[in-house]
Structure formats: C-alpha cells, structure tokens
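Okay, upload.csv now, which holds CSV, C-alpha atoms:
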```
chain,number,residue,atom,x,y,z
H,1,MET,CA,-20.0,-8.1,-18.5
H,2,ASP,CA,-17.3,-5.5,-19.2
H,3,LEU,CA,-17.7,-4.1,-15.6
H,4,ASN,CA,-17.4,-7.7,-14.3
H,5,ILE,CA,-14.1,-8.2,-16.0
H,6,ILE,CA,-12.7,-4.9,-14.6
H,7,TYR,CA,-14.1,-5.8,-11.1
H,8,VAL,CA,-12.5,-9.3,-11.1
H,9,LEU,CA,-9.1,-7.9,-12.1
H,10,TRP,CA,-9.4,-5.1,-9.5
H,11,LEU,CA,-10.4,-7.7,-6.9
H,12,ARG,CA,-7.4,-9.9,-7.8
H,13,GLN,CA,-5.0,-7.1,-7.0
H,14,ILE,CA,-6.7,-6.3,-3.7
H,15,ARG,CA,-6.6,-9.9,-2.6
H,16,ARG,CA,-2.9,-10.3,-3.5
H,17,TYR,CA,-2.1,-7.3,-1.5
H,18,TYR,CA,-4.2,-8.4,1.5
H,19,ARG,CA,-2.5,-11.8,1.6
H,20,SER,CA,1.0,-10.2,1.6
H,21,GLY,CA,1.4,-8.6,5.0
H,22,SER,CA,5.1,-8.0,4.3
H,23,ARG,CA,4.2,-5.5,1.5
H,24,LEU,CA,2.2,-3.4,3.9
H,25,LEU,CA,5.0,-3.4,6.5
H,26,GLY,CA,7.6,-2.6,3.8
H,27,THR,CA,5.5,0.2,2.4
H,28,LEU,CA,4.8,1.9,5.7
H,29,GLY,CA,8.2,1.4,7.2
H,30,GLN,CA,9.9,4.1,5.1
H,31,PRO,CA,7.3,6.8,5.8
H,32,ILE,CA,7.5,6.2,9.5
H,33,LEU,CA,11.3,6.4,9.4
H,34,LEU,CA,11.1,9.7,7.5
H,35,LEU,CA,8.7,11.1,10.0
H,36,LEU,CA,10.9,10.0,12.9
H,37,ALA,CA,14.3,10.9,11.5
H,38,LEU,CA,13.4,14.1,9.6
H,39,GLY,CA,10.4,15.2,11.6
H,40,TYR,CA,12.3,15.2,14.9
H,41,GLY,CA,15.8,15.5,13.6
H,42,ILE,CA,15.4,18.5,11.3
H,43,GLY,CA,12.2,19.8,13.0
H,44,ALA,CA,14.1,21.7,15.7
H,45,ILE,CA,16.4,23.4,13.1
H,46,TYR,CA,13.5,24.2,10.9
H,47,ARG,CA,11.7,25.8,13.8
H,48,ARG,CA,14.8,27.9,14.9
H,49,ALA,CA,15.0,29.2,11.3
H,50,GLY,CA,11.6,30.6,11.8
H,51,GLU,CA,9.9,28.4,9.3
H,52,GLY,CA,7.3,27.0,11.7
H,53,ASN,CA,6.3,23.4,12.3
H,54,TYR,CA,8.3,21.0,10.1
H,55,ILE,CA,5.9,18.1,10.7
H,56,GLN,CA,3.1,20.1,9.1
H,57,PHE,CA,5.4,20.8,6.2
H,58,LEU,CA,6.8,17.3,5.9
H,59,VAL,CA,3.6,15.1,6.0
H,60,PRO,CA,2.2,16.0,2.5
H,61,GLY,CA,5.6,15.2,1.1
H,62,VAL,CA,5.7,11.8,2.9
H,63,ILE,CA,2.2,11.0,1.7
H,64,THR,CA,3.3,11.8,-1.9
H,65,GLN,CA,6.4,9.7,-1.5
H,66,THR,CA,4.3,6.7,-0.3
H,67,VAL,CA,1.9,6.8,-3.2
H,68,LEU,CA,4.7,7.6,-5.7
H,69,LEU,CA,6.7,4.4,-4.8
H,70,SER,CA,3.6,2.3,-4.4
H,71,GLY,CA,2.0,3.4,-7.6
H,72,ILE,CA,5.0,3.1,-9.9
H,73,PHE,CA,6.4,-0.1,-8.3
H,74,TRP,CA,2.9,-1.7,-8.8
H,75,GLY,CA,4.2,-2.3,-12.4
H,76,ILE,CA,6.1,-5.2,-10.9
H,77,ILE,CA,2.8,-7.1,-10.8
H,78,ILE,CA,2.6,-6.8,-14.6
H,79,LEU,CA,6.1,-8.2,-14.9
H,80,GLN,CA,5.1,-11.1,-12.6
H,81,ASP,CA,2.1,-11.8,-14.8
H,82,LYS,CA,4.3,-11.8,-17.8
H,83,ARG,CA,6.8,-14.1,-16.3
H,84,PHE,CA,4.2,-16.7,-15.1
H,85,GLY,CA,2.1,-16.6,-18.3
H,86,PHE,CA,-1.0,-15.1,-16.7
H,87,LEU,CA,-0.8,-12.0,-18.8
H,88,SER,CA,-0.6,-14.0,-22.0
H,89,GLU,CA,-3.7,-15.9,-21.1
H,90,LEU,CA,-5.5,-12.6,-20.5
H,91,LEU,CA,-4.4,-11.2,-23.8
H,92,VAL,CA,-5.6,-14.1,-25.9
H,93,ALA,CA,-9.0,-13.9,-24.1
H,94,PRO,CA,-11.9,-12.1,-25.9
H,95,VAL,CA,-11.4,-9.1,-23.8
H,96,SER,CA,-10.0,-5.7,-24.9
H,97,ARG,CA,-6.5,-4.8,-23.6
H,98,LEU,CA,-7.9,-1.5,-22.4
H,99,LYS,CA,-10.2,-3.3,-19.9
H,100,ILE,CA,-7.4,-5.5,-18.7
H,101,LEU,CA,-5.3,-2.4,-18.1
H,102,ILE,CA,-8.1,-0.5,-16.4
H,103,GLY,CA,-9.0,-3.3,-14.0
H,104,SER,CA,-5.4,-3.9,-13.0
H,105,ALA,CA,-4.5,-0.2,-12.7
H,106,LEU,CA,-7.6,0.4,-10.6
H,107,GLY,CA,-6.4,-2.3,-8.2
H,108,GLY,CA,-3.0,-0.8,-8.0
H,109,ALA,CA,-4.4,2.7,-7.5
H,110,THR,CA,-6.7,1.5,-4.7
H,111,ILE,CA,-3.8,0.0,-2.8
H,112,SER,CA,-1.8,3.2,-3.2
H,113,ILE,CA,-4.8,5.3,-1.9
H,114,LEU,CA,-5.2,3.1,1.1
H,115,GLN,CA,-1.5,3.4,1.9
H,116,GLY,CA,-1.6,7.2,1.5
H,117,ILE,CA,-4.6,7.3,3.9
H,118,LEU,CA,-2.7,5.1,6.4
H,119,VAL,CA,0.3,7.4,6.4
H,120,PHE,CA,-2.1,10.4,6.9
H,121,ALA,CA,-3.5,8.6,10.0
H,122,ILE,CA,-0.1,7.6,11.3
H,123,ALA,CA,1.1,11.2,11.0
H,124,PHE,CA,-1.3,12.2,13.8
H,125,VAL,CA,0.9,10.2,16.2
H,126,PHE,CA,3.7,12.6,15.3
H,127,GLY,CA,1.7,15.7,16.0
H,128,PHE,CA,0.3,16.5,12.5
H,129,ARG,CA,-3.1,18.2,12.2
H,130,PRO,CA,-4.8,19.3,9.0
H,131,TYR,CA,-5.0,23.1,8.7
H,132,HIS,CA,-8.7,22.8,8.1
H,133,TRP,CA,-10.8,19.6,8.0
H,134,ILE,CA,-13.0,21.0,5.3
H,135,ASN,CA,-10.0,20.7,2.9
H,136,VAL,CA,-9.4,17.0,3.7
H,137,PRO,CA,-12.0,15.5,1.3
H,138,LEU,CA,-10.5,17.6,-1.6
H,139,ALA,CA,-7.0,16.4,-0.6
H,140,PHE,CA,-8.2,12.8,-0.7
H,141,ALA,CA,-9.7,13.5,-4.2
H,142,ILE,CA,-6.3,14.8,-5.4
H,143,LEU,CA,-4.7,11.7,-3.8
H,144,VAL,CA,-7.0,9.5,-5.9
H,145,PHE,CA,-6.1,11.5,-9.0
H,146,MET,CA,-2.4,11.2,-8.3
H,147,CYS,CA,-2.6,7.4,-7.7
H,148,LEU,CA,-4.4,6.8,-11.0
H,149,ALA,CA,-1.7,8.7,-12.8
H,150,LEU,CA,1.2,7.0,-11.0
H,151,THR,CA,-0.1,3.5,-11.4
H,152,SER,CA,-0.7,4.1,-15.1
H,153,PHE,CA,2.8,5.4,-15.5
H,154,GLY,CA,4.2,2.3,-13.6
H,155,ALA,CA,2.1,0.1,-15.9
H,156,GLY,CA,3.6,1.8,-19.0
H,157,ILE,CA,7.1,1.3,-17.7
H,158,ALA,CA,6.5,-2.4,-16.9
H,159,SER,CA,5.0,-2.9,-20.3
H,160,SER,CA,8.2,-1.6,-21.9
H,161,VAL,CA,10.6,-4.0,-20.2
H,162,ASP,CA,10.8,-7.7,-19.8
H,163,ASP,CA,12.8,-8.3,-16.6
H,164,PHE,CA,12.8,-7.1,-13.0
H,165,GLN,CA,16.3,-5.7,-13.2
H,166,GLY,CA,15.4,-3.4,-16.1
H,167,PHE,CA,12.3,-2.2,-14.3
H,168,GLN,CA,14.2,-1.6,-11.1
H,169,GLY,CA,17.0,0.3,-13.0
H,170,ILE,CA,14.5,2.6,-14.7
H,171,ASN,CA,12.6,3.3,-11.5
H,172,ASN,CA,15.8,4.2,-9.6
H,173,LEU,CA,16.7,6.5,-12.5
H,174,ILE,CA,13.3,8.2,-12.5
H,175,VAL,CA,11.4,7.8,-9.2
H,176,LEU,CA,14.0,8.7,-6.6
H,177,PRO,CA,15.1,11.9,-8.5
H,178,MET,CA,11.5,12.9,-9.0
H,179,PHE,CA,10.9,12.6,-5.2
H,180,PHE,CA,14.0,14.2,-3.9
H,181,LEU,CA,13.8,17.1,-6.5
H,182,SER,CA,10.2,17.8,-5.8
H,183,GLY,CA,10.5,20.0,-2.6
H,184,ALA,CA,8.8,17.2,-0.6
H,185,LEU,CA,11.5,17.5,2.1
H,186,TYR,CA,12.6,21.2,1.9
H,187,PRO,CA,11.1,24.6,1.0
H,188,LEU,CA,11.7,25.8,-2.6
H,189,ASN,CA,11.9,29.5,-1.6
H,190,ASN,CA,15.6,30.0,-1.6
H,191,VAL,CA,17.0,27.1,-3.6
H,192,PRO,CA,19.6,27.6,-6.3
H,193,THR,CA,18.4,28.5,-9.8
H,194,PHE,CA,19.3,25.2,-11.4
H,195,LEU,CA,17.3,23.3,-8.7
H,196,LYS,CA,14.4,25.7,-9.0
H,197,ILE,CA,14.3,24.9,-12.8
H,198,ILE,CA,14.3,21.2,-12.1
H,199,THR,CA,11.6,21.3,-9.5
H,200,THR,CA,9.4,23.5,-11.8
H,201,ILE,CA,9.4,20.9,-14.6
H,202,ASN,CA,9.0,18.0,-12.2
H,203,PRO,CA,5.3,17.0,-12.0
H,204,VAL,CA,5.7,15.4,-8.6
H,205,SER,CA,6.5,18.9,-7.2
H,206,TYR,CA,2.9,20.0,-8.0
H,207,MET,CA,1.5,16.9,-6.4
H,208,VAL,CA,3.3,17.7,-3.2
H,209,ASP,CA,2.4,21.4,-3.4
H,210,SER,CA,-1.3,20.7,-3.8
H,211,LEU,CA,-1.5,18.4,-0.8
H,212,ARG,CA,0.6,20.9,1.2
H,213,PHE,CA,-1.8,23.7,0.3
H,214,LEU,CA,-4.9,21.7,1.4
H,215,LEU,CA,-3.4,20.1,4.5
H,216,ALA,CA,-1.0,22.7,5.8
H,217,ASN,CA,-2.0,25.9,4.1
H,218,GLN,CA,1.4,26.3,2.4
H,219,THR,CA,2.0,26.6,-1.3
H,220,HIS,CA,4.8,27.5,-3.7
H,221,PHE,CA,3.1,27.3,-7.1
H,222,GLY,CA,-0.5,27.9,-6.2
H,223,LEU,CA,-3.4,25.4,-6.3
H,224,GLY,CA,-4.6,26.5,-9.7
H,225,LYS,CA,-1.2,25.8,-11.3
H,226,ASP,CA,-0.9,22.5,-9.4
H,227,LEU,CA,-4.2,21.3,-10.8
H,228,ILE,CA,-3.4,22.2,-14.4
H,229,VAL,CA,0.0,20.5,-14.3
H,230,MET,CA,-1.5,17.4,-12.6
H,231,SER,CA,-4.3,17.2,-15.2
H,232,ILE,CA,-1.7,17.3,-18.0
H,233,THR,CA,0.4,14.7,-16.2
H,234,PHE,CA,-2.7,12.5,-15.8
H,235,VAL,CA,-3.5,12.5,-19.5
H,236,VAL,CA,0.1,11.9,-20.5
H,237,ALA,CA,0.4,9.0,-18.1
H,238,ILE,CA,-2.8,7.3,-19.3
H,239,ALA,CA,-1.8,7.7,-22.9
H,240,PHE,CA,1.7,6.3,-22.2
H,241,ALA,CA,0.2,3.3,-20.4
H,242,VAL,CA,-2.3,2.5,-23.1
H,243,ASP,CA,0.2,2.9,-25.9
H,244,ARG,CA,2.8,0.6,-24.2
H,245,PHE,CA,0.3,-2.0,-23.0
H,246,ASN,CA,-1.1,-2.3,-26.5
H,247,LYS,CA,2.4,-3.2,-27.7
H,248,VAL,CA,3.0,-6.0,-25.2
H,249,GLN,CA,3.9,-9.2,-27.0
H,250,MET,CA,2.0,-12.4,-26.1
```
Structure re-expressed in structure tokens:
Amino acid sequence: MDLNIIYVLWLRQIRRYYRSGSRLLGTLGQPILLLLALGYGIGAIYRRAGEGNYIQFLVPGVITQTVLLSGIFWGIIILQDKRFGFLSELLVAPVSRLKILIGSALGGATISILQGILVFAIAFVFGFRPYHWINVPLAFAILVFMCLALTSFGAGIASSVDDFQGFQGINNLIVLPMFFLSGALYPLNNVPTFLKIITTINPVSYMVDSLRFLLANQTHFGLGKDLIVMSITFVVAIAFAVDRFNKVQM
C-alpha cells in the first residue's frame, strides 16, 4: 500500500511533465545555447591557451546546470499544489507526509535525470565524447544522486514560501550564484583567492568536478573529496526537505 502511494505520486509528476511539451523545450533550450555560444565562441580561445578541447570541459558543467535548474525549480509543483488545494487534500489523507514527499520528489528527480541524459546525448552533436565509456554508468549514478539532493532542496524551499514570487526570488539568489561560482564554465586553477574560497564551499562545484572527472578525465578536487562533499550535501538536503515539509500548514 505504501509503495502504491509513492508510485502514484511519482507517476503523477511524470504524466504532468509528459503532457507539457513546452517544459521540455524550455529546459533543453538553455543547454543547447550554452553549448553553441560558449562551446564554439570560447572554444577557440580555450584551445589557443593550451587548455585542450573546451567542449569536453564544458559538457559536465552544462549537464549539472540542467539538473540544478530542473531539480530546484521542481519545487514550483509544490507551490501549485498548495495554490489549488491538492496538497491540503493529500495532507489530510491517512498517509504520512514523508511518503508524500518521497513520491513527489522521486518524480521530480526522474524528470531531472531524463533531462540530464538528454543533454548528454545532445552533446555528441557538438563533438563531445566520454573519456572512457566504462565510467559512464558511474557518472549516471552520480547524476541520480545529485538529482535526488537537488529536488529535495527545491522541495524544502517551496515548503518554506507561499507564493511564486518569493520562490523565484530565493532561487535567483541561490541557484544562479551556485552555478556560475562552481567552475562549470571555467577552470579553477588560476582564479583569484576570494573566488577559490567561494567555489570550495559551494557544493555544486563538487557535482561538476565529479562528472568532469568521469566523463572528461579532468578534476580539481579529486573524486574522493567530491563524493564526500556530495554525500554530506545529500543528507543535509533530505533533512532540510523533511523538516520544512513537516511544517507545511494545511
């Protein structure tokens, strides 16, 4: 029975996404633009500087950007359910809030994973090739791990606010700086000290670095450190989501 509840809530998210073709186009439009504008625009400069193939460097960052935006902005679904009363009906049902959160978050994470895989596939058109195919399954496993953490974090934020404007404002304050200060678009080897400190405490930096190590054989922090920081981030994100969702008022 408990698994049926989680499955139904998961399936609801998948169907909502499947029926909204504009969401898919909107999500994939930005990664394609980044690959076009940066991959070809900066790629020549990057190569002249002796840094190698910029597309190989860029794709892990673009995949991270896709799942970061998709995962956290999934919290808008919770706000919609609040606004139209669906969440209140769920909360008064004889179902634990944890199961409601798990079912919905798994749906959001599944959508983010699919989008990340699509960007990975699209990157081949731009010349990207994994450094070694044997690392790709582990990269996908890390992608799943990342998406679960990010959707949980998004659910926690959405549970803390009551309007779309507040949610959008918080995301603009948190999400964009986390991405642009993660080293997703530029190497961290020779950045200023203040920027190095910021990227070091930014958990998204380690998400990018782990994918870059597995897909492009390039790393700044090392895979071991990446996995430790991502594990801590995962636990904190889950705890934050559960705490905030339990405090949602009916």
So that I can see what lies close to Val67 (chain H), please list as an mmCIF file with C-alpha atoms, keeping the file's coordinate frame the residues with an atom at most 10 Å from it, counting all atoms listed in the file and leaving out residues fewer than 5 positions away in the same chain.
```
data_model
loop_
_atom_site.group_PDB
_atom_site.id
_atom_site.type_symbol
_atom_site.label_atom_id
_atom_site.label_comp_id
_atom_site.auth_asym_id
_atom_site.auth_seq_id
_atom_site.Cartn_x
_atom_site.Cartn_y
_atom_site.Cartn_z
ATOM 1 C CA THR H 27 5.500 0.200 2.400
ATOM 2 C CA VAL H 62 5.700 11.800 2.900
ATOM 3 C CA ILE H 72 5.000 3.100 -9.900
ATOM 4 C CA PHE H 73 6.400 -0.100 -8.300
ATOM 5 C CA ALA H 109 -4.400 2.700 -7.500
ATOM 6 C CA ILE H 111 -3.800 0.000 -2.800
ATOM 7 C CA SER H 112 -1.800 3.200 -3.200
ATOM 8 C CA ILE H 113 -4.800 5.300 -1.900
ATOM 9 C CA LEU H 114 -5.200 3.100 1.100
ATOM 10 C CA GLN H 115 -1.500 3.400 1.900
ATOM 11 C CA GLY H 116 -1.600 7.200 1.500
ATOM 12 C CA ILE H 117 -4.600 7.300 3.900
ATOM 13 C CA VAL H 119 0.300 7.400 6.400
ATOM 14 C CA LEU H 143 -4.700 11.700 -3.800
ATOM 15 C CA VAL H 144 -7.000 9.500 -5.900
ATOM 16 C CA MET H 146 -2.400 11.200 -8.300
ATOM 17 C CA CYS H 147 -2.600 7.400 -7.700
ATOM 18 C CA LEU H 150 1.200 7.000 -11.000
ATOM 19 C CA THR H 151 -0.100 3.500 -11.400
#
```
Give me, as a list in words, all polymer residues having an atom no more than 10 Å from Phe167 (chain H), counting only C-alpha atoms and skipping those fewer than 2 positions away in the same chain. Phe73, Gly75, Ile76, Leu79, Gly154, Ile157, Ala158, Ser159, Ser160, Val161, Asp162, Asp163, Phe164, Gln165, Gly169, Ile170, Asn171, Asn172 and Leu173 of chain H
Please provide the set of residues having any atom within 12 Å of Gly39 (chain H), restricted to all atoms listed in the file, with same-chain residues fewer than 2 positions apart removed, written as a PyMOL selection string. chain H and resi 31-37+41-47+53-59+61-62+123+125-128+185-186
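Put simply, CA of Leu87 (chain H) is 12.9 Å away from CA of Gly103 (chain H).
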Using only C-alpha atoms, can you tell me which of H:Val248, H:Val208, H:Leu214, H:Leu68 comes closest to Val175 (chain H)?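 Using only C-alpha atoms, Val175 (chain H) sits closest to H:Leu68.
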Distance CA of Arg12 (chain H)-CA of Gln65 (chain H), one decimal place?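 Separation between CA of Arg12 (chain H) and CA of Gln65 (chain H): 24.8 Å.
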Please report the interatomic distance between CA of Phe145 (chain H) and CA of Thr219 (chain H) in Å with one decimal. 18.8 Å
For Ala237 (chain H), please output as a list of chain:residue names all residues within 10 Å (counting all atoms listed in the file; exclusion window: fewer than 6 positions along the same chain). H:Leu148, H:Ala149, H:Leu150, H:Thr151, H:Ser152, H:Phe153, H:Gly154, H:Ala155, H:Gly156, H:Ser231, H:Asp243
